[in-house]
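Listing of query05.cif, mmCIF, C-alpha atoms
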```cif
data_work
#
loop_
_atom_site.group_PDB
_atom_site.id
_atom_site.type_symbol
_atom_site.label_atom_id
_atom_site.label_comp_id
_atom_site.auth_asym_id
_atom_site.auth_seq_id
_atom_site.Cartn_x
_atom_site.Cartn_y
_atom_site.Cartn_z
ATOM 1 C CA MET Q 1 119.660 -2.250 -56.138
ATOM 2 C CA ARG Q 2 120.501 -0.169 -59.214
ATOM 3 C CA SER Q 3 118.422 -0.986 -62.310
ATOM 4 C CA ARG Q 4 119.896 -1.585 -65.781
ATOM 5 C CA ASP Q 5 118.713 1.752 -67.174
ATOM 6 C CA GLY Q 6 120.228 3.906 -64.505
ATOM 7 C CA ASN Q 7 118.174 5.229 -61.627
ATOM 8 C CA LYS Q 8 114.824 5.020 -63.418
ATOM 9 C CA THR Q 9 113.057 2.907 -60.748
ATOM 10 C CA PHE Q 10 114.095 5.288 -58.015
ATOM 11 C CA SER Q 11 113.042 8.375 -59.976
ATOM 12 C CA LEU Q 12 109.643 6.801 -60.724
ATOM 13 C CA SER Q 13 109.036 5.997 -57.092
ATOM 14 C CA ILE Q 14 109.128 9.708 -56.114
ATOM 15 C CA PRO Q 15 106.038 10.814 -58.107
ATOM 16 C CA ILE Q 16 104.198 7.640 -57.141
ATOM 17 C CA SER Q 17 104.838 8.256 -53.452
ATOM 18 C CA ILE Q 18 103.809 11.922 -53.863
ATOM 19 C CA LEU Q 19 100.569 10.755 -55.491
ATOM 20 C CA PHE Q 20 99.803 8.370 -52.642
ATOM 21 C CA LEU Q 21 100.687 10.970 -50.044
ATOM 22 C CA SER Q 22 98.363 13.491 -51.660
ATOM 23 C CA LEU Q 23 95.573 10.898 -51.609
ATOM 24 C CA ALA Q 24 96.264 10.196 -47.959
ATOM 25 C CA LEU Q 25 96.134 13.924 -47.178
ATOM 26 C CA ASN Q 26 92.596 13.993 -48.570
ATOM 27 C CA ALA Q 27 91.531 11.154 -46.312
ATOM 28 C CA GLY Q 28 89.681 11.681 -43.082
ATOM 29 C CA GLU Q 29 88.245 9.618 -40.296
ATOM 30 C CA TYR Q 30 84.628 9.960 -39.261
ATOM 31 C CA LEU Q 31 82.497 8.498 -36.529
ATOM 32 C CA ILE Q 32 79.095 7.355 -37.732
ATOM 33 C CA SER Q 33 76.176 5.963 -35.774
ATOM 34 C CA TYR Q 34 72.681 5.090 -36.925
ATOM 35 C CA ARG Q 35 69.524 4.146 -35.084
ATOM 36 C CA TYR Q 36 65.816 3.834 -35.718
ATOM 37 C CA LEU Q 37 62.797 2.561 -33.905
ATOM 38 C CA ILE Q 38 59.720 0.785 -35.176
ATOM 39 C CA LYS Q 39 56.676 0.868 -32.951
ATOM 40 C CA ASP Q 40 53.686 -1.199 -34.058
ATOM 41 C CA SER Q 41 55.047 -1.381 -37.628
ATOM 42 C CA ILE Q 42 55.501 2.408 -37.902
ATOM 43 C CA LEU Q 43 58.897 4.083 -38.109
ATOM 44 C CA TYR Q 44 59.970 6.612 -35.485
ATOM 45 C CA ASN Q 45 63.160 8.489 -34.587
ATOM 46 C CA GLU Q 46 65.489 7.629 -37.430
ATOM 47 C CA THR Q 47 68.847 9.192 -36.551
ATOM 48 C CA LEU Q 48 72.131 9.242 -38.440
ATOM 49 C CA ASN Q 49 75.023 10.913 -36.620
ATOM 50 C CA ILE Q 50 78.195 11.868 -38.468
ATOM 51 C CA SER Q 51 81.139 13.609 -36.855
ATOM 52 C CA GLN Q 52 84.819 13.952 -37.571
ATOM 53 C CA ALA Q 53 87.019 11.807 -35.320
ATOM 54 C CA MET Q 54 88.995 13.789 -32.740
ATOM 55 C CA LYS Q 55 91.366 10.911 -32.158
ATOM 56 C CA LYS Q 56 93.032 8.658 -34.692
ATOM 57 C CA CYS Q 57 91.165 5.401 -35.209
ATOM 58 C CA SER Q 58 92.942 2.074 -35.319
ATOM 59 C CA GLY Q 59 92.107 -0.965 -37.413
ATOM 60 C CA LYS Q 60 92.051 -2.158 -40.981
ATOM 61 C CA VAL Q 61 89.627 -1.055 -43.654
ATOM 62 C CA TYR Q 62 87.164 -3.543 -45.109
ATOM 63 C CA ASN Q 63 84.134 -3.633 -47.383
ATOM 64 C CA PRO Q 64 84.357 -0.059 -48.834
ATOM 65 C CA LEU Q 65 81.497 1.905 -50.368
ATOM 66 C CA ILE Q 66 82.230 4.132 -53.353
ATOM 67 C CA LEU Q 67 79.887 7.046 -53.974
ATOM 68 C CA GLU Q 68 80.061 9.214 -57.063
ATOM 69 C CA VAL Q 69 80.353 12.929 -56.275
ATOM 70 C CA ASN Q 70 81.087 16.161 -58.056
ATOM 71 C CA LYS Q 71 84.081 17.688 -56.241
ATOM 72 C CA GLU Q 72 82.122 17.696 -52.999
ATOM 73 C CA LYS Q 73 84.269 17.496 -49.849
ATOM 74 C CA ASN Q 74 81.597 17.592 -47.165
ATOM 75 C CA LEU Q 75 80.704 14.069 -46.038
ATOM 76 C CA LYS Q 76 77.317 15.046 -44.629
ATOM 77 C CA GLU Q 77 76.348 16.591 -47.966
ATOM 78 C CA ILE Q 78 77.584 13.569 -49.879
ATOM 79 C CA ILE Q 79 75.640 11.169 -47.681
ATOM 80 C CA SER Q 80 72.454 13.222 -47.863
ATOM 81 C CA GLN Q 81 72.735 13.162 -51.665
ATOM 82 C CA ASN Q 82 73.125 9.363 -51.654
ATOM 83 C CA ARG Q 83 71.028 8.673 -48.608
ATOM 84 C CA GLU Q 84 69.240 5.471 -49.606
ATOM 85 C CA GLN Q 85 72.423 3.876 -50.936
ATOM 86 C CA PHE Q 86 74.311 4.707 -47.744
ATOM 87 C CA ILE Q 87 71.552 3.447 -45.439
ATOM 88 C CA TYR Q 88 71.372 0.178 -47.386
ATOM 89 C CA TYR Q 89 75.152 -0.105 -47.047
ATOM 90 C CA LEU Q 90 74.879 0.350 -43.251
ATOM 91 C CA HIS Q 91 72.259 -2.393 -43.136
ATOM 92 C CA LYS Q 92 74.605 -4.700 -45.022
ATOM 93 C CA LEU Q 93 77.420 -3.934 -42.581
ATOM 94 C CA GLY Q 94 75.221 -5.219 -39.786
ATOM 95 C CA LEU Q 95 72.829 -3.674 -37.304
ATOM 96 C CA ASN Q 96 72.073 -4.681 -33.744
ATOM 97 C CA LEU Q 97 68.466 -5.659 -33.302
ATOM 98 C CA VAL Q 98 66.399 -5.534 -30.132
ATOM 99 C CA HIS Q 99 62.765 -6.542 -30.419
ATOM 100 C CA LYS Q 100 60.193 -6.590 -27.645
ATOM 101 C CA ASP Q 101 56.632 -7.681 -28.046
ATOM 102 C CA LYS Q 102 53.886 -7.538 -25.437
ATOM 103 C CA THR Q 103 50.439 -9.058 -25.796
ATOM 104 C CA VAL Q 104 47.940 -8.211 -23.056
ATOM 105 C CA ASN Q 105 44.486 -9.762 -23.344
ATOM 106 C CA TYR Q 106 45.114 -10.484 -27.027
ATOM 107 C CA ILE Q 107 46.102 -6.882 -27.840
ATOM 108 C CA GLN Q 108 49.629 -6.708 -29.171
ATOM 109 C CA ASN Q 109 52.239 -3.945 -29.008
ATOM 110 C CA SER Q 110 55.742 -4.239 -30.346
ATOM 111 C CA ILE Q 111 58.963 -2.222 -30.447
ATOM 112 C CA THR Q 112 61.932 -2.992 -32.671
ATOM 113 C CA ILE Q 113 65.151 -0.985 -32.400
ATOM 114 C CA LEU Q 114 67.904 -1.270 -34.993
ATOM 115 C CA THR Q 115 71.237 0.288 -34.132
ATOM 116 C CA LEU Q 116 74.659 0.736 -35.652
ATOM 117 C CA HIS Q 117 76.841 1.508 -32.657
ATOM 118 C CA THR Q 118 79.307 4.358 -33.221
ATOM 119 C CA LYS Q 119 81.856 3.121 -35.727
ATOM 120 C CA CYS Q 120 84.934 4.732 -37.232
ATOM 121 C CA PHE Q 121 85.027 5.089 -41.007
ATOM 122 C CA LYS Q 122 87.955 6.129 -43.161
ATOM 123 C CA VAL Q 123 86.839 8.471 -45.935
ATOM 124 C CA ASP Q 124 88.977 9.168 -49.024
ATOM 125 C CA PHE Q 125 87.852 12.214 -50.993
ATOM 126 C CA ASN Q 126 88.637 12.278 -54.691
ATOM 127 C CA ASP Q 127 87.537 14.463 -57.603
ATOM 128 C CA ASN Q 128 84.817 12.157 -58.917
ATOM 129 C CA PHE Q 129 84.169 9.778 -56.079
ATOM 130 C CA VAL Q 130 84.440 9.274 -52.365
ATOM 131 C CA LYS Q 131 85.467 6.000 -50.756
ATOM 132 C CA ILE Q 132 83.943 5.220 -47.351
ATOM 133 C CA SER Q 133 85.353 2.215 -45.537
ATOM 134 C CA PRO Q 134 84.750 1.074 -41.966
ATOM 135 C CA LEU Q 135 87.680 0.197 -39.724
ATOM 136 C CA LYS Q 136 87.850 -3.088 -37.866
ATOM 137 C CA MET P 137 73.662 -85.436 -14.580
ATOM 138 C CA ARG P 138 73.549 -84.725 -18.340
ATOM 139 C CA TYR P 139 69.972 -86.058 -18.569
ATOM 140 C CA LEU P 140 68.963 -83.825 -15.689
ATOM 141 C CA LEU P 141 70.306 -80.758 -17.483
ATOM 142 C CA VAL P 142 68.472 -81.650 -20.739
ATOM 143 C CA LEU P 143 65.239 -82.140 -18.803
ATOM 144 C CA LEU P 144 65.599 -78.749 -17.093
ATOM 145 C CA THR P 145 66.175 -77.011 -20.459
ATOM 146 C CA LEU P 146 63.114 -78.628 -21.994
ATOM 147 C CA LEU P 147 61.010 -77.601 -19.014
ATOM 148 C CA SER P 148 62.115 -73.944 -19.245
ATOM 149 C CA VAL P 149 61.271 -73.821 -22.995
ATOM 150 C CA THR P 150 57.761 -75.089 -22.381
ATOM 151 C CA VAL P 151 57.230 -72.584 -19.535
ATOM 152 C CA VAL P 152 58.205 -69.669 -21.871
ATOM 153 C CA ASN P 153 55.822 -70.889 -24.581
ATOM 154 C CA VAL P 154 52.967 -71.137 -22.127
ATOM 155 C CA THR P 155 53.546 -67.546 -20.894
ATOM 156 C CA ALA P 156 53.549 -66.221 -24.490
ATOM 157 C CA GLN P 157 50.267 -68.003 -25.233
ATOM 158 C CA ASN P 158 48.745 -66.540 -22.051
ATOM 159 C CA VAL P 159 49.734 -63.004 -23.051
ATOM 160 C CA GLU P 160 48.217 -63.423 -26.528
ATOM 161 C CA SER P 161 44.986 -64.832 -25.105
ATOM 162 C CA ALA P 162 44.746 -61.921 -22.643
ATOM 163 C CA GLY P 163 44.669 -59.493 -25.623
ATOM 164 C CA ILE P 164 47.952 -57.773 -24.831
ATOM 165 C CA GLU P 165 49.896 -56.751 -27.928
ATOM 166 C CA THR P 166 53.599 -57.275 -27.874
ATOM 167 C CA MET P 167 56.076 -55.304 -29.919
ATOM 168 C CA ASP P 168 59.709 -55.808 -30.870
ATOM 169 C CA VAL P 169 62.061 -53.371 -29.224
ATOM 170 C CA GLY P 170 63.593 -52.527 -32.600
ATOM 171 C CA GLU P 171 60.331 -51.216 -34.048
ATOM 172 C CA VAL P 172 59.567 -47.499 -33.865
ATOM 173 C CA SER P 173 56.061 -46.244 -34.379
ATOM 174 C CA PRO P 174 55.702 -43.439 -36.978
ATOM 175 C CA ALA P 175 55.738 -39.900 -35.577
ATOM 176 C CA PRO P 176 52.639 -37.707 -35.910
ATOM 177 C CA ALA P 177 52.453 -35.419 -38.971
ATOM 178 C CA SER P 178 53.318 -32.221 -37.071
ATOM 179 C CA THR P 179 56.471 -33.768 -35.611
ATOM 180 C CA GLN P 180 57.490 -34.990 -39.054
ATOM 181 C CA GLU P 181 57.169 -31.462 -40.434
ATOM 182 C CA THR P 182 59.457 -30.162 -37.706
ATOM 183 C CA MET P 183 61.955 -32.901 -38.391
ATOM 184 C CA ASN P 184 62.008 -32.105 -42.124
ATOM 185 C CA GLU P 185 63.114 -28.507 -41.493
ATOM 186 C CA ASP P 186 66.402 -27.544 -43.123
ATOM 187 C CA LEU P 187 69.443 -27.796 -40.908
ATOM 188 C CA LEU P 188 72.724 -25.996 -41.384
ATOM 189 C CA GLU P 189 75.287 -28.557 -42.393
ATOM 190 C CA GLU P 190 79.000 -28.332 -42.857
ATOM 191 C CA ASN P 191 80.189 -27.445 -46.416
ATOM 192 C CA LYS P 192 76.635 -26.489 -47.328
ATOM 193 C CA SER P 193 75.020 -23.060 -47.169
ATOM 194 C CA LEU P 194 71.436 -22.439 -46.133
ATOM 195 C CA ILE P 195 69.212 -19.607 -47.363
ATOM 196 C CA VAL P 196 66.663 -18.209 -44.941
ATOM 197 C CA SER P 197 63.901 -16.201 -46.581
ATOM 198 C CA VAL P 198 61.328 -13.974 -44.835
ATOM 199 C CA ILE P 199 58.727 -11.337 -45.718
ATOM 200 C CA GLY P 200 58.652 -8.250 -43.507
ATOM 201 C CA GLN P 201 55.700 -5.854 -43.349
ATOM 202 C CA GLY P 202 55.614 -2.169 -42.559
ATOM 203 C CA VAL P 203 52.963 0.527 -42.527
ATOM 204 C CA ALA P 204 53.261 4.158 -43.567
ATOM 205 C CA PRO P 205 52.432 6.711 -40.837
ATOM 206 C CA LEU P 206 49.125 8.519 -41.205
ATOM 207 C CA LYS P 207 50.830 11.920 -41.149
ATOM 208 C CA SER P 208 53.127 11.360 -44.149
ATOM 209 C CA ALA P 209 53.783 14.527 -46.140
ATOM 210 C CA THR P 210 53.957 12.897 -49.569
ATOM 211 C CA PRO P 211 53.293 9.433 -51.020
ATOM 212 C CA ALA P 212 57.050 9.097 -51.600
ATOM 213 C CA GLN P 213 57.763 9.754 -47.934
ATOM 214 C CA ALA P 214 55.065 7.275 -46.961
ATOM 215 C CA TYR P 215 56.700 4.654 -49.166
ATOM 216 C CA ALA P 216 60.174 5.322 -47.781
ATOM 217 C CA LEU P 217 59.033 5.137 -44.160
ATOM 218 C CA ALA P 218 56.920 2.034 -44.711
ATOM 219 C CA LYS P 219 59.814 0.342 -46.465
ATOM 220 C CA ARG P 220 62.151 1.065 -43.551
ATOM 221 C CA ALA P 221 59.615 -0.411 -41.136
ATOM 222 C CA ALA P 222 59.234 -3.474 -43.368
ATOM 223 C CA VAL P 223 63.013 -3.939 -43.494
ATOM 224 C CA ALA P 224 63.191 -3.829 -39.693
ATOM 225 C CA ASP P 225 60.384 -6.396 -39.495
ATOM 226 C CA ALA P 226 62.233 -8.650 -41.923
ATOM 227 C CA TYR P 227 65.389 -8.317 -39.828
ATOM 228 C CA ARG P 228 63.409 -9.294 -36.759
ATOM 229 C CA LEU P 229 61.969 -12.349 -38.534
ATOM 230 C CA ILE P 230 65.441 -13.447 -39.631
ATOM 231 C CA ALA P 231 66.721 -13.059 -36.061
ATOM 232 C CA GLU P 232 63.771 -15.053 -34.749
ATOM 233 C CA LYS P 233 64.358 -17.847 -37.254
ATOM 234 C CA VAL P 234 68.094 -18.081 -36.795
ATOM 235 C CA LYS P 235 68.586 -17.257 -33.133
ATOM 236 C CA GLY P 236 65.214 -17.995 -31.590
ATOM 237 C CA VAL P 237 62.709 -16.108 -29.473
ATOM 238 C CA ARG P 238 62.488 -15.716 -25.725
ATOM 239 C CA VAL P 239 58.875 -16.115 -24.609
ATOM 240 C CA ASP P 240 57.515 -15.221 -21.166
ATOM 241 C CA GLY P 241 53.878 -15.731 -20.293
ATOM 242 C CA GLN P 242 51.784 -14.782 -17.307
ATOM 243 C CA ASP P 243 48.100 -15.394 -16.583
ATOM 244 C CA LEU P 244 46.258 -13.869 -13.657
ATOM 245 C CA ILE P 245 43.324 -15.971 -12.538
ATOM 246 C CA LYS P 246 40.866 -14.715 -9.938
ATOM 247 C CA ASN P 247 37.721 -16.530 -8.829
ATOM 248 C CA MET P 248 38.345 -19.210 -11.431
ATOM 249 C CA MET P 249 38.434 -16.625 -14.248
ATOM 250 C CA VAL P 250 41.303 -15.284 -16.342
ATOM 251 C CA LYS P 251 41.629 -11.602 -15.430
ATOM 252 C CA ARG P 252 44.752 -10.778 -17.364
ATOM 253 C CA SER P 253 46.765 -12.765 -19.863
ATOM 254 C CA THR P 254 50.200 -11.452 -20.810
ATOM 255 C CA VAL P 255 52.698 -12.826 -23.294
ATOM 256 C CA ARG P 256 56.054 -11.130 -23.778
ATOM 257 C CA THR P 257 58.480 -12.105 -26.505
ATOM 258 C CA SER P 258 61.916 -10.685 -27.154
ATOM 259 C CA VAL P 259 64.810 -11.127 -29.554
ATOM 260 C CA ILE P 260 68.292 -9.653 -29.344
ATOM 261 C CA ALA P 261 70.581 -10.276 -32.303
ATOM 262 C CA MET P 262 73.024 -8.828 -34.789
ATOM 263 C CA VAL P 263 72.105 -9.263 -38.451
ATOM 264 C CA ARG P 264 74.474 -8.582 -41.304
ATOM 265 C CA ASN P 265 74.604 -9.306 -45.044
ATOM 266 C CA ALA P 266 70.880 -9.730 -45.536
ATOM 267 C CA ASN P 267 69.637 -8.995 -49.049
ATOM 268 C CA ILE P 268 66.391 -7.413 -50.150
ATOM 269 C CA VAL P 269 64.909 -9.582 -52.894
ATOM 270 C CA GLU P 270 61.633 -7.823 -53.645
ATOM 271 C CA THR P 271 59.660 -4.843 -52.378
ATOM 272 C CA THR P 272 55.941 -4.267 -52.885
ATOM 273 C CA PHE P 273 53.834 -1.336 -51.724
ATOM 274 C CA LYS P 274 50.062 -1.568 -51.841
ATOM 275 C CA GLU P 275 47.412 0.422 -49.972
ATOM 276 C CA GLY P 276 49.839 1.774 -47.394
ATOM 277 C CA LEU P 277 51.363 -1.615 -46.629
ATOM 278 C CA CYS P 278 54.919 -2.294 -47.678
ATOM 279 C CA GLU P 279 56.205 -5.843 -47.956
ATOM 280 C CA VAL P 280 59.896 -6.620 -48.214
ATOM 281 C CA GLU P 281 61.125 -10.059 -49.132
ATOM 282 C CA MET P 282 64.514 -10.583 -47.600
ATOM 283 C CA GLU P 283 66.946 -13.457 -47.570
ATOM 284 C CA ILE P 284 70.171 -14.279 -45.826
ATOM 285 C CA LYS P 285 72.731 -16.900 -46.725
ATOM 286 C CA LEU P 286 74.050 -18.832 -43.764
ATOM 287 C CA SER P 287 77.119 -21.008 -43.702
ATOM 288 C CA HIS P 288 78.518 -23.297 -41.040
ATOM 289 C CA SER P 289 81.721 -21.275 -40.708
ATOM 290 C CA GLN P 290 79.790 -18.166 -39.570
ATOM 291 C CA PHE P 291 78.826 -19.908 -36.339
ATOM 292 C CA GLN P 292 82.268 -21.150 -35.339
#
```
Could you spell out this file's structure in C-alpha cells?
Amino acid sequence: MRSRDGNKTFSLSIPISILFLSLALNAGEYLISYRYLIKDSILYNETLNISQAMKKCSGKVYNPLILEVNKEKNLKEIISQNREQFIYYLHKLGLNLVHKDKTVNYIQNSITILTLHTKCFKVDFNDNFVKISPLK
Amino acid sequence: MRYLLVLLTLLSVTVVNVTAQNVESAGIETMDVGEVSPAPASTQETMNEDLLEENKSLIVSVIGQGVAPLKSATPAQAYALAKRAAVADAYRLIAEKVKGVRVDGQDLIKNMMVKRSTVRTSVIAMVRNANIVETTFKEGLCEVEMEIKLSHSQFQ
C-alpha cells in the first residue's frame, strides 16, 4: 500500500533490511561442549570445546548472553577473556550430572561428572559486543 | 411373638455388657477405631518437610564444599579450582534432594564376621537455573551456598 507521503515507507525499508542483512552476515554458528570431573572434592579435566559448525543448525534462539568486546571476532579469544562469566552462563543453561560414590569399609571415594553435551550456539559479532545464544 | 422379640433384645444387651466388663477386668485396653496415636518425633519431622504444591514455588538451598588441589600454581588458581569443585558438589546435593539417590549396599560376612562392607550411591540428573548465593574460601576449603527455585509446572 502506498503511504501518504509518497514512497517513504518503501525507501526506508531498504536501508533497514541492509542493516539487518549485514548483522546476519556477521553471525556464525558454533558447537560448544563443556565437561569437568570432580574426584574426592578435587577438580580434574575441565574441558571446553569450541568449534565452528560445518552444517547449519536448526532451532530457535533463547536465553542469550551478551559479552562486551573490543572489535574482537574470534570466539575462542572472546570466551577466554570472559571465561568465568561464560562458564557461569553454561551452568545456568543446565548441565548433566552423574555422581557415583563408593564406601568400602568406611572409606569413601566419589566421582562427580558435569557435562554440557555438544550444543549449537548462534553468535552475532558486533563492534562493541558479541551475542551468544543457544539454539533449541 | 412381640414379647419374645423384646426379651431376646434385652438378653443380647446384657450379654454385650458382660463381655465389656470382662475385658476391662482382664486389663485389656480398648481403643476407638477413630483415634490415631501420635507419630514418633522423627516421623513428624519427615512429615513437616516442604512439599511442592501447585501455584506455589519452593526454594531448595544447599551448601557445596570443594578443596583446592595441593599442586595449585597460585592462590587464585587454588580458589578458582576449589570453587568449581564446590559448585559441582552443590549441584550434586540439589540433584539428591530433588530427584533422590540410588543406594546399593553389600556386606560380606565370613565366619560370623564382617569382612567387607560396601555402600554405593549414585545420582543422575540434569540441573539448570541454580543460583550461587554466597561463596566463602577459608584454609583451602571453598563453600558455595546455592539455591534453586522449583515450581510445579517444571515437573509436568
What's the separation between CA of Arg256 in chain P and CA of Gly276 in chain P, in Å to one decimal place?
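That distance, rounded to one decimal, is 27.6 Å.
Nearest residue to Asn128 in chain Q, choosing from Q:Glu72, Q:Gly28, Q:Arg35, Q:Lys55 and counting all atoms listed in the file: Q:Glu72.
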If you count all atoms listed in the file, which residues fall within 12 Å of range 214-217 of chain P, apart from same-chain ones fewer than 3 positions away, as a PyMOL selection string?
(chain Q and resi 36-38+41-46+83-84+87) or (chain P and resi 201-211+220-224+271-280)
Those residues you just picked out, can you put them in a file as a short mmCIF file (atom, residue, chain, number, x, y, z; two decimals), in the frame of the given file with C-alpha atoms?
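Resulting contents of result-v1.cif:
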```cif
data_model
loop_
_atom_site.label_atom_id
_atom_site.label_comp_id
_atom_site.auth_asym_id
_atom_site.auth_seq_id
_atom_site.Cartn_x
_atom_site.Cartn_y
_atom_site.Cartn_z
CA TYR Q 36 65.82 3.83 -35.72
CA LEU Q 37 62.80 2.56 -33.90
CA ILE Q 38 59.72 0.78 -35.18
CA SER Q 41 55.05 -1.38 -37.63
CA ILE Q 42 55.50 2.41 -37.90
CA LEU Q 43 58.90 4.08 -38.11
CA TYR Q 44 59.97 6.61 -35.48
CA ASN Q 45 63.16 8.49 -34.59
CA GLU Q 46 65.49 7.63 -37.43
CA ARG Q 83 71.03 8.67 -48.61
CA GLU Q 84 69.24 5.47 -49.61
CA ILE Q 87 71.55 3.45 -45.44
CA GLN P 201 55.70 -5.85 -43.35
CA GLY P 202 55.61 -2.17 -42.56
CA VAL P 203 52.96 0.53 -42.53
CA ALA P 204 53.26 4.16 -43.57
CA PRO P 205 52.43 6.71 -40.84
CA LEU P 206 49.12 8.52 -41.20
CA LYS P 207 50.83 11.92 -41.15
CA SER P 208 53.13 11.36 -44.15
CA ALA P 209 53.78 14.53 -46.14
CA THR P 210 53.96 12.90 -49.57
CA PRO P 211 53.29 9.43 -51.02
CA ARG P 220 62.15 1.06 -43.55
CA ALA P 221 59.62 -0.41 -41.14
CA ALA P 222 59.23 -3.47 -43.37
CA VAL P 223 63.01 -3.94 -43.49
CA ALA P 224 63.19 -3.83 -39.69
CA THR P 271 59.66 -4.84 -52.38
CA THR P 272 55.94 -4.27 -52.88
CA PHE P 273 53.83 -1.34 -51.72
CA LYS P 274 50.06 -1.57 -51.84
CA GLU P 275 47.41 0.42 -49.97
CA GLY P 276 49.84 1.77 -47.39
CA LEU P 277 51.36 -1.62 -46.63
CA CYS P 278 54.92 -2.29 -47.68
CA GLU P 279 56.20 -5.84 -47.96
CA VAL P 280 59.90 -6.62 -48.21
#
```
Residues near Asn96 in chain Q, anyone? I mean within 8 Å using only C-alpha atoms, not counting same-chain ones fewer than 5 positions away, as a list of chain:residue names.
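Residues near the query, excluding close chain neighbours: Q:Ile113, Q:Leu114, Q:Thr115, Q:Leu116, Q:His117, P:Ile260, P:Ala261, P:Met262, P:Val263.
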Counting only C-alpha atoms, figure out which residue out of Q:Val98, Q:Ile107, Q:Ala27, Q:Val130 gets nearest to Ile79 in chain Q.
Q:Val130
Kindly provide the residues of chain Q that approach chain P to within 6 Å, each paired with its closest atom pair and their distance in Å to one decimal, based on all atoms listed in the file, listed by chain and increasing number, as CSV.
```
residue,atom,partner,partner_atom,distance
Q:Ser41,CA,P:Gly202,CA,5.0
Q:Ile42,CA,P:Val203,CA,5.6
Q:Leu43,CA,P:Ala221,CA,5.5
Q:Lys92,CA,P:Asn265,CA,4.6
Q:Leu93,CA,P:Arg264,CA,5.6
Q:Gly94,CA,P:Arg264,CA,3.8
Q:Leu95,CA,P:Met262,CA,5.7
Q:Asn96,CA,P:Met262,CA,4.4
Q:Leu97,CA,P:Ala261,CA,5.2
Q:Val98,CA,P:Ile260,CA,4.6
Q:His99,CA,P:Val259,CA,5.1
Q:Lys100,CA,P:Ser258,CA,4.5
Q:Asp101,CA,P:Thr257,CA,5.0
Q:Lys102,CA,P:Arg256,CA,4.5
Q:Thr103,CA,P:Val255,CA,5.1
Q:Val104,CA,P:Thr254,CA,4.5
Q:Asn105,CA,P:Ser253,CA,5.1
```
Given the point (86.0, -3.7, -48.9) in the file's coordinates, find the residues that have an atom at most 10 Å from it, counting all atoms listed in the file, and give them as a PyMOL selection string.
chain Q and resi 61-66+131-134
Applying the PyMOL selection byres ((chain P and resi 194) around 12) to the file I just gave you, which residues come out? Please list them as a list in words.
Glu185, Asp186, Leu187, Leu188, Glu189, Glu190, Asn191, Lys192, Ser193, Ile195, Val196, Ser197, Val234, Glu283, Ile284, Lys285, Leu286, Ser287, His288, Ser289 and Gln290 of chain P
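Put simply, CA of Thr47 in chain Q is 27.9 Å away from CA of Gly236 in chain P.
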What is the CA of Leu31 in chain Q-CA of Ala53 in chain Q distance in Å, reported with one decimal?
5.7 Å
Could you tell me which residues the PyMOL selection byres ((chain Q and resi 121) around 6) grabs in this file, written as a PyMOL selection string?
chain Q and resi 29-30+120+122+133-135
Pick from Q:Gln108, Q:Gln52, Q:Thr118, Q:Ser58: nearest to Asn74 in chain Q, with only C-alpha atoms counted?
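That would be Q:Gln52, the residue with the smallest distance to Asn74 in chain Q.
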Can you pull out the residues contacting Lys71 in chain Q? Cut-off 12 Å, using only C-alpha atoms, and skip same-chain residues under 5 positions away; I want them as a tab-separated table (two decimals) with C-alpha atoms, in the coordinates of the input.
```tsv
chain	number	residue	atom	x	y	z
Q	77	GLU	CA	76.35	16.59	-47.97
Q	78	ILE	CA	77.58	13.57	-49.88
Q	125	PHE	CA	87.85	12.21	-50.99
Q	126	ASN	CA	88.64	12.28	-54.69
Q	127	ASP	CA	87.54	14.46	-57.60
Q	128	ASN	CA	84.82	12.16	-58.92
Q	129	PHE	CA	84.17	9.78	-56.08
Q	130	VAL	CA	84.44	9.27	-52.36
```
